[in-house]
$ cat data13.txt   # compact mmCIF, C-alpha atoms
# COMPACT_ATOMS: atom_id res chain seq x y z
CA VAL A 1467 9.09 8.84 10.03
CA VAL A 1468 12.19 10.37 11.61
CA PRO A 1469 11.21 9.49 15.22
CA LEU A 1470 10.54 5.91 14.09
CA MET A 1471 13.92 5.83 12.40
CA GLU A 1472 15.63 7.17 15.52
CA LEU A 1473 13.97 4.47 17.62
CA ALA A 1474 15.05 1.82 15.09
CA ARG A 1475 18.62 3.11 15.29
CA GLU A 1476 18.53 2.98 19.09
CA TYR A 1477 17.44 -0.68 19.03
CA ASN A 1478 19.60 -1.59 16.02
CA VAL A 1479 16.72 -2.83 13.85
CA PRO A 1480 16.24 -2.09 10.14
CA VAL A 1481 13.30 -0.13 8.81
CA TYR A 1482 11.59 -1.51 5.71
CA PHE A 1483 10.13 0.93 3.21
CA HIS A 1484 7.95 0.75 0.15
CA GLY A 1485 9.04 3.70 -1.99
CA ARG A 1486 6.61 6.58 -2.20
CA TYR A 1487 6.76 6.88 -5.99
CA SER A 1488 7.01 4.35 -8.80
CA ASP A 1489 7.10 6.35 -12.00
CA MET A 1490 9.00 9.17 -13.63
CA GLU A 1491 6.17 11.69 -13.82
CA GLN A 1492 6.09 14.86 -11.71
CA PRO A 1493 5.18 15.53 -9.01
CA GLY A 1494 7.37 13.00 -7.28
CA THR A 1495 9.54 10.63 -9.27
CA GLU A 1496 10.84 7.19 -8.39
CA LEU A 1497 14.36 8.61 -8.02
CA GLU A 1498 13.09 11.24 -5.60
CA GLY A 1499 11.47 8.43 -3.62
CA THR A 1500 14.70 6.45 -3.52
CA GLN A 1501 16.63 9.54 -2.44
CA GLU A 1502 14.07 10.21 0.29
CA LEU A 1503 14.64 6.76 1.80
CA VAL A 1504 18.41 7.12 1.58
CA ASP A 1505 18.12 10.55 3.23
CA TYR A 1506 16.27 8.96 6.18
CA ALA A 1507 19.18 6.57 6.68
CA MET A 1508 21.71 9.38 6.39
CA LYS A 1509 19.81 11.65 8.79
CA THR A 1510 19.26 9.04 11.50
CA GLY A 1511 21.92 6.39 10.99
CA ALA A 1512 19.26 3.67 10.98
CA ALA A 1513 19.43 0.75 8.55
CA VAL A 1514 17.02 1.05 5.62
CA HIS A 1515 15.65 -1.69 3.38
CA ILE A 1516 13.83 -0.71 0.18
CA ASP A 1517 11.15 -3.25 -0.71
CA HIS A 1518 10.89 -4.34 -4.34
CA ILE A 1519 13.00 -1.58 -5.77
CA ASN A 1520 12.13 -2.82 -9.26
CA SER A 1521 8.59 -1.47 -8.90
CA THR A 1522 9.04 1.32 -6.32
CA GLY A 1523 12.28 3.10 -6.90
CA GLY A 1524 14.08 1.98 -10.04
CA THR A 1525 11.49 0.76 -12.52
CA PHE A 1526 12.67 3.00 -15.35
CA THR A 1527 15.92 4.20 -13.77
CA MET A 1528 17.51 1.25 -11.98
CA PRO A 1529 21.15 2.23 -12.67
CA GLN A 1530 20.52 5.71 -11.25
CA ALA A 1531 18.60 4.35 -8.23
CA LEU A 1532 21.39 1.91 -7.44
CA ALA A 1533 23.94 4.72 -7.82
CA ILE A 1534 22.11 6.75 -5.16
CA ILE A 1535 22.27 3.77 -2.81
CA ASP A 1536 25.90 2.96 -3.73
CA LYS A 1537 26.99 6.49 -2.83
CA ALA A 1538 25.36 6.27 0.62
CA ARG A 1539 26.75 2.78 1.23
CA GLU A 1540 30.24 4.02 0.35
CA GLN A 1541 29.79 6.57 3.15
CA GLY A 1542 29.01 3.72 5.58
CA PHE A 1543 25.21 3.75 5.64
CA ASP A 1544 23.41 0.40 5.89
CA ILE A 1545 20.99 0.35 2.96
CA THR A 1546 19.68 -2.77 1.24
CA ALA A 1547 16.88 -3.58 -1.18
CA CYS A 1548 15.00 -6.49 -2.68
CA THR A 1549 13.58 -7.19 -6.10
CA TYR A 1550 11.25 -9.82 -7.43
CA PRO A 1551 12.02 -11.67 -10.67
CA TYR A 1552 8.95 -10.61 -12.67
CA ASN A 1553 8.49 -7.89 -15.26
CA TYR A 1554 5.12 -6.99 -13.81
CA TRP A 1555 3.74 -5.68 -10.56
CA GLY A 1556 0.33 -6.46 -9.10
CA THR A 1557 -2.32 -4.56 -7.21
CA TYR A 1558 -6.05 -4.03 -7.06
CA LEU A 1559 -7.64 -2.23 -9.98
CA ASN A 1560 -9.59 0.01 -7.60
CA SER A 1561 -6.40 1.28 -5.92
CA ALA A 1562 -5.06 4.81 -6.32
CA ARG A 1563 -2.39 3.42 -8.66
CA PHE A 1564 -5.08 3.34 -11.32
CA ASP A 1565 -6.28 6.90 -10.80
CA LYS A 1566 -6.47 9.13 -13.85
CA GLY A 1567 -3.18 9.22 -15.77
CA TRP A 1568 -2.02 5.69 -14.90
CA GLN A 1569 -1.28 4.87 -18.53
CA GLU A 1570 1.12 7.79 -18.87
CA ARG A 1571 2.69 7.30 -15.42
CA PHE A 1572 3.46 3.62 -15.94
CA ARG A 1573 3.94 3.76 -19.74
CA ILE A 1574 1.37 0.99 -20.34
CA THR A 1575 -2.07 0.48 -21.87
CA TYR A 1576 -5.04 -1.76 -21.11
CA LYS A 1577 -3.45 -4.64 -23.01
CA ASP A 1578 -0.53 -4.56 -20.51
CA LEU A 1579 -2.94 -5.47 -17.71
CA GLN A 1580 -3.92 -9.04 -16.91
CA ILE A 1581 -6.24 -10.40 -14.25
CA ALA A 1582 -3.94 -12.21 -11.82
CA GLY A 1583 -4.22 -15.99 -11.99
CA THR A 1584 -5.69 -15.91 -15.49
CA ARG A 1585 -4.52 -15.27 -19.04
CA GLU A 1586 -7.11 -12.54 -19.56
CA ARG A 1587 -5.66 -9.26 -20.83
CA LEU A 1588 -7.86 -6.22 -20.34
CA THR A 1589 -9.62 -3.75 -22.60
CA ASP A 1590 -11.14 -0.41 -21.66
CA LYS A 1591 -14.48 -2.17 -21.13
CA THR A 1592 -13.19 -5.07 -19.02
CA PHE A 1593 -10.92 -2.70 -17.06
CA SER A 1594 -13.93 -0.66 -15.99
CA MET A 1595 -15.88 -3.79 -15.03
CA TYR A 1596 -13.04 -5.35 -13.02
CA GLN A 1597 -12.13 -2.03 -11.43
CA LYS A 1598 -15.63 -1.84 -9.94
CA GLN A 1599 -15.13 -5.39 -8.62
CA GLY A 1600 -11.75 -4.53 -7.11
CA LYS A 1601 -9.98 -7.38 -8.92
CA LEU A 1602 -6.27 -7.96 -8.51
CA ALA A 1603 -4.39 -7.42 -11.76
CA VAL A 1604 -0.79 -7.55 -12.86
CA ALA A 1605 0.70 -4.78 -14.94
CA TYR A 1606 3.48 -5.61 -17.41
CA ALA A 1607 5.29 -2.37 -16.67
CA ILE A 1608 8.80 -3.29 -15.51
CA PRO A 1609 11.64 -3.37 -18.03
CA PRO A 1610 13.37 -6.78 -17.70
CA GLU A 1611 16.77 -5.08 -17.61
CA ALA A 1612 15.75 -3.30 -14.38
CA ILE A 1613 15.39 -6.67 -12.67
CA VAL A 1614 18.72 -7.95 -14.01
CA ASP A 1615 20.48 -4.73 -12.95
CA ALA A 1616 19.01 -5.00 -9.45
CA PHE A 1617 20.02 -8.65 -8.99
CA ARG A 1618 23.59 -7.79 -10.02
CA SER A 1619 23.92 -5.55 -6.99
CA PRO A 1620 25.42 -7.36 -3.97
CA TYR A 1621 23.01 -5.73 -1.51
CA VAL A 1622 19.80 -6.58 -3.40
CA MET A 1623 18.10 -9.83 -2.42
CA ILE A 1624 15.15 -11.83 -3.73
CA GLY A 1625 11.82 -10.36 -2.66
CA SER A 1626 8.58 -12.28 -2.47
CA ASP A 1627 6.25 -9.65 -1.00
CA ALA A 1628 2.81 -10.23 -2.55
CA ILE A 1629 -0.93 -10.22 -2.08
CA LEU A 1630 -2.06 -13.79 -1.44
CA GLU A 1631 -5.78 -14.51 -1.54
CA PRO A 1632 -7.89 -17.68 -1.78
CA GLY A 1633 -8.35 -18.89 -5.34
CA PHE A 1634 -6.21 -17.99 -8.30
CA ASN A 1635 -6.40 -14.18 -8.21
CA ASN A 1636 -2.79 -13.80 -6.97
CA HIS A 1637 0.56 -12.47 -8.08
CA PRO A 1638 2.88 -15.48 -8.58
CA ARG A 1639 5.64 -13.90 -6.53
CA ALA A 1640 3.69 -15.02 -3.44
CA SER A 1641 4.92 -18.54 -4.05
CA GLY A 1642 7.25 -18.59 -7.03
CA ALA A 1643 9.82 -15.80 -6.64
CA PHE A 1644 12.69 -17.91 -5.35
CA ALA A 1645 12.21 -20.74 -7.85
CA ARG A 1646 11.95 -18.30 -10.76
CA THR A 1647 15.13 -16.50 -9.68
CA ILE A 1648 17.10 -19.74 -9.47

$ encode --input "data13.txt" --output "structure tokens"
Amino acid sequence: VVPLMELAREYNVPVYFHGRYSDMEQPGTELEGTQELVDYAMKTGAAVHIDHINSTGGTFTMPQALAIIDKAREQGFDITACTYPYNYWGTYLNSARFDKGWQERFRITYKDLQIAGTRERLTDKTFSMYQKQGKLAVAYAIPPEAIVDAFRSPYVMIGSDAILEPGFNNHPRASGAFARTI
């Protein structure tokens, strides 16, 4: 990562990161992930953008994550972030995010999962079935106050990064993030 960051600095282009962690369970917490990205900026002088900080860096600790960034910005480092205006994130049920322990890591249960593009909430039985199919689901796992806190920060912008597939199995941020924010 550091050689990439040095090259970015040389050409004056920002580097966009998806935080490594998105929960508060050891090993690796969301705050450690945010600090890691800030450290890259501080070590290389390159501009850093943290993608959807509400689900990969400050889900449960947004004030602390923003404080880490604020401190670096006060020292002159160019660090920005984006957030999307939803209290849920989305990914495929067969991804590593749903490896053993996901309920504890994300502080949710089956009922907090919904097949994207539907109103269907999951159970242990339907979770297993859809996981084998690799369905895209949304997880109601983001405290609404984390989104509000992020949007209050002057260096956090609207983010619409999403998985967009044919049909209705999509996260709405692929097409609705800006309208919902307004």

$ axis_aligned_box --input "data13.txt" --around "stretch 1508-1515 of chain A" --padding-each-side "3 Å" --output "JSON"
{"center_x": 18.8, "center_y": 5.0, "center_z": 7.4, "size_x": 12.3, "size_y": 19.3, "size_z": 14.1}

$ atom_distance --input "data13.txt" --atom1 "atom CA of A:Ala1643" --atom2 "atom CA of A:Gly1524"
18.6 Å

$ closest_residue --input "data13.txt" --among "A:Asn1560, A:Val1614, A:Lys1598, A:Pro1551" --to "A:His1637" --atoms "all atoms listed in the file"
A:Pro1551

$ residues_around --input "data13.txt" --residues "A:Val1622" --least-positions-apart "5" --cutoff "8 Å" --atoms "only C-alpha atoms" --output "short mmCIF file (atom, residue, chain, number, x, y, z; two decimals) with C-alpha atoms, in the coordinates of the input"
data_model
loop_
_atom_site.label_atom_id
_atom_site.label_comp_id
_atom_site.auth_asym_id
_atom_site.auth_seq_id
_atom_site.Cartn_x
_atom_site.Cartn_y
_atom_site.Cartn_z
CA THR A 1546 19.68 -2.77 1.24
CA ALA A 1547 16.88 -3.58 -1.18
CA CYS A 1548 15.00 -6.49 -2.68
CA THR A 1549 13.58 -7.19 -6.10
CA ALA A 1616 19.01 -5.00 -9.45
CA PHE A 1617 20.02 -8.65 -8.99
#

$ closest_residue --input "data13.txt" --among "A:Arg1486, A:Arg1573, A:Lys1566, A:Arg1585" --to "A:Ala1603" --atoms "only C-alpha atoms"
A:Arg1585
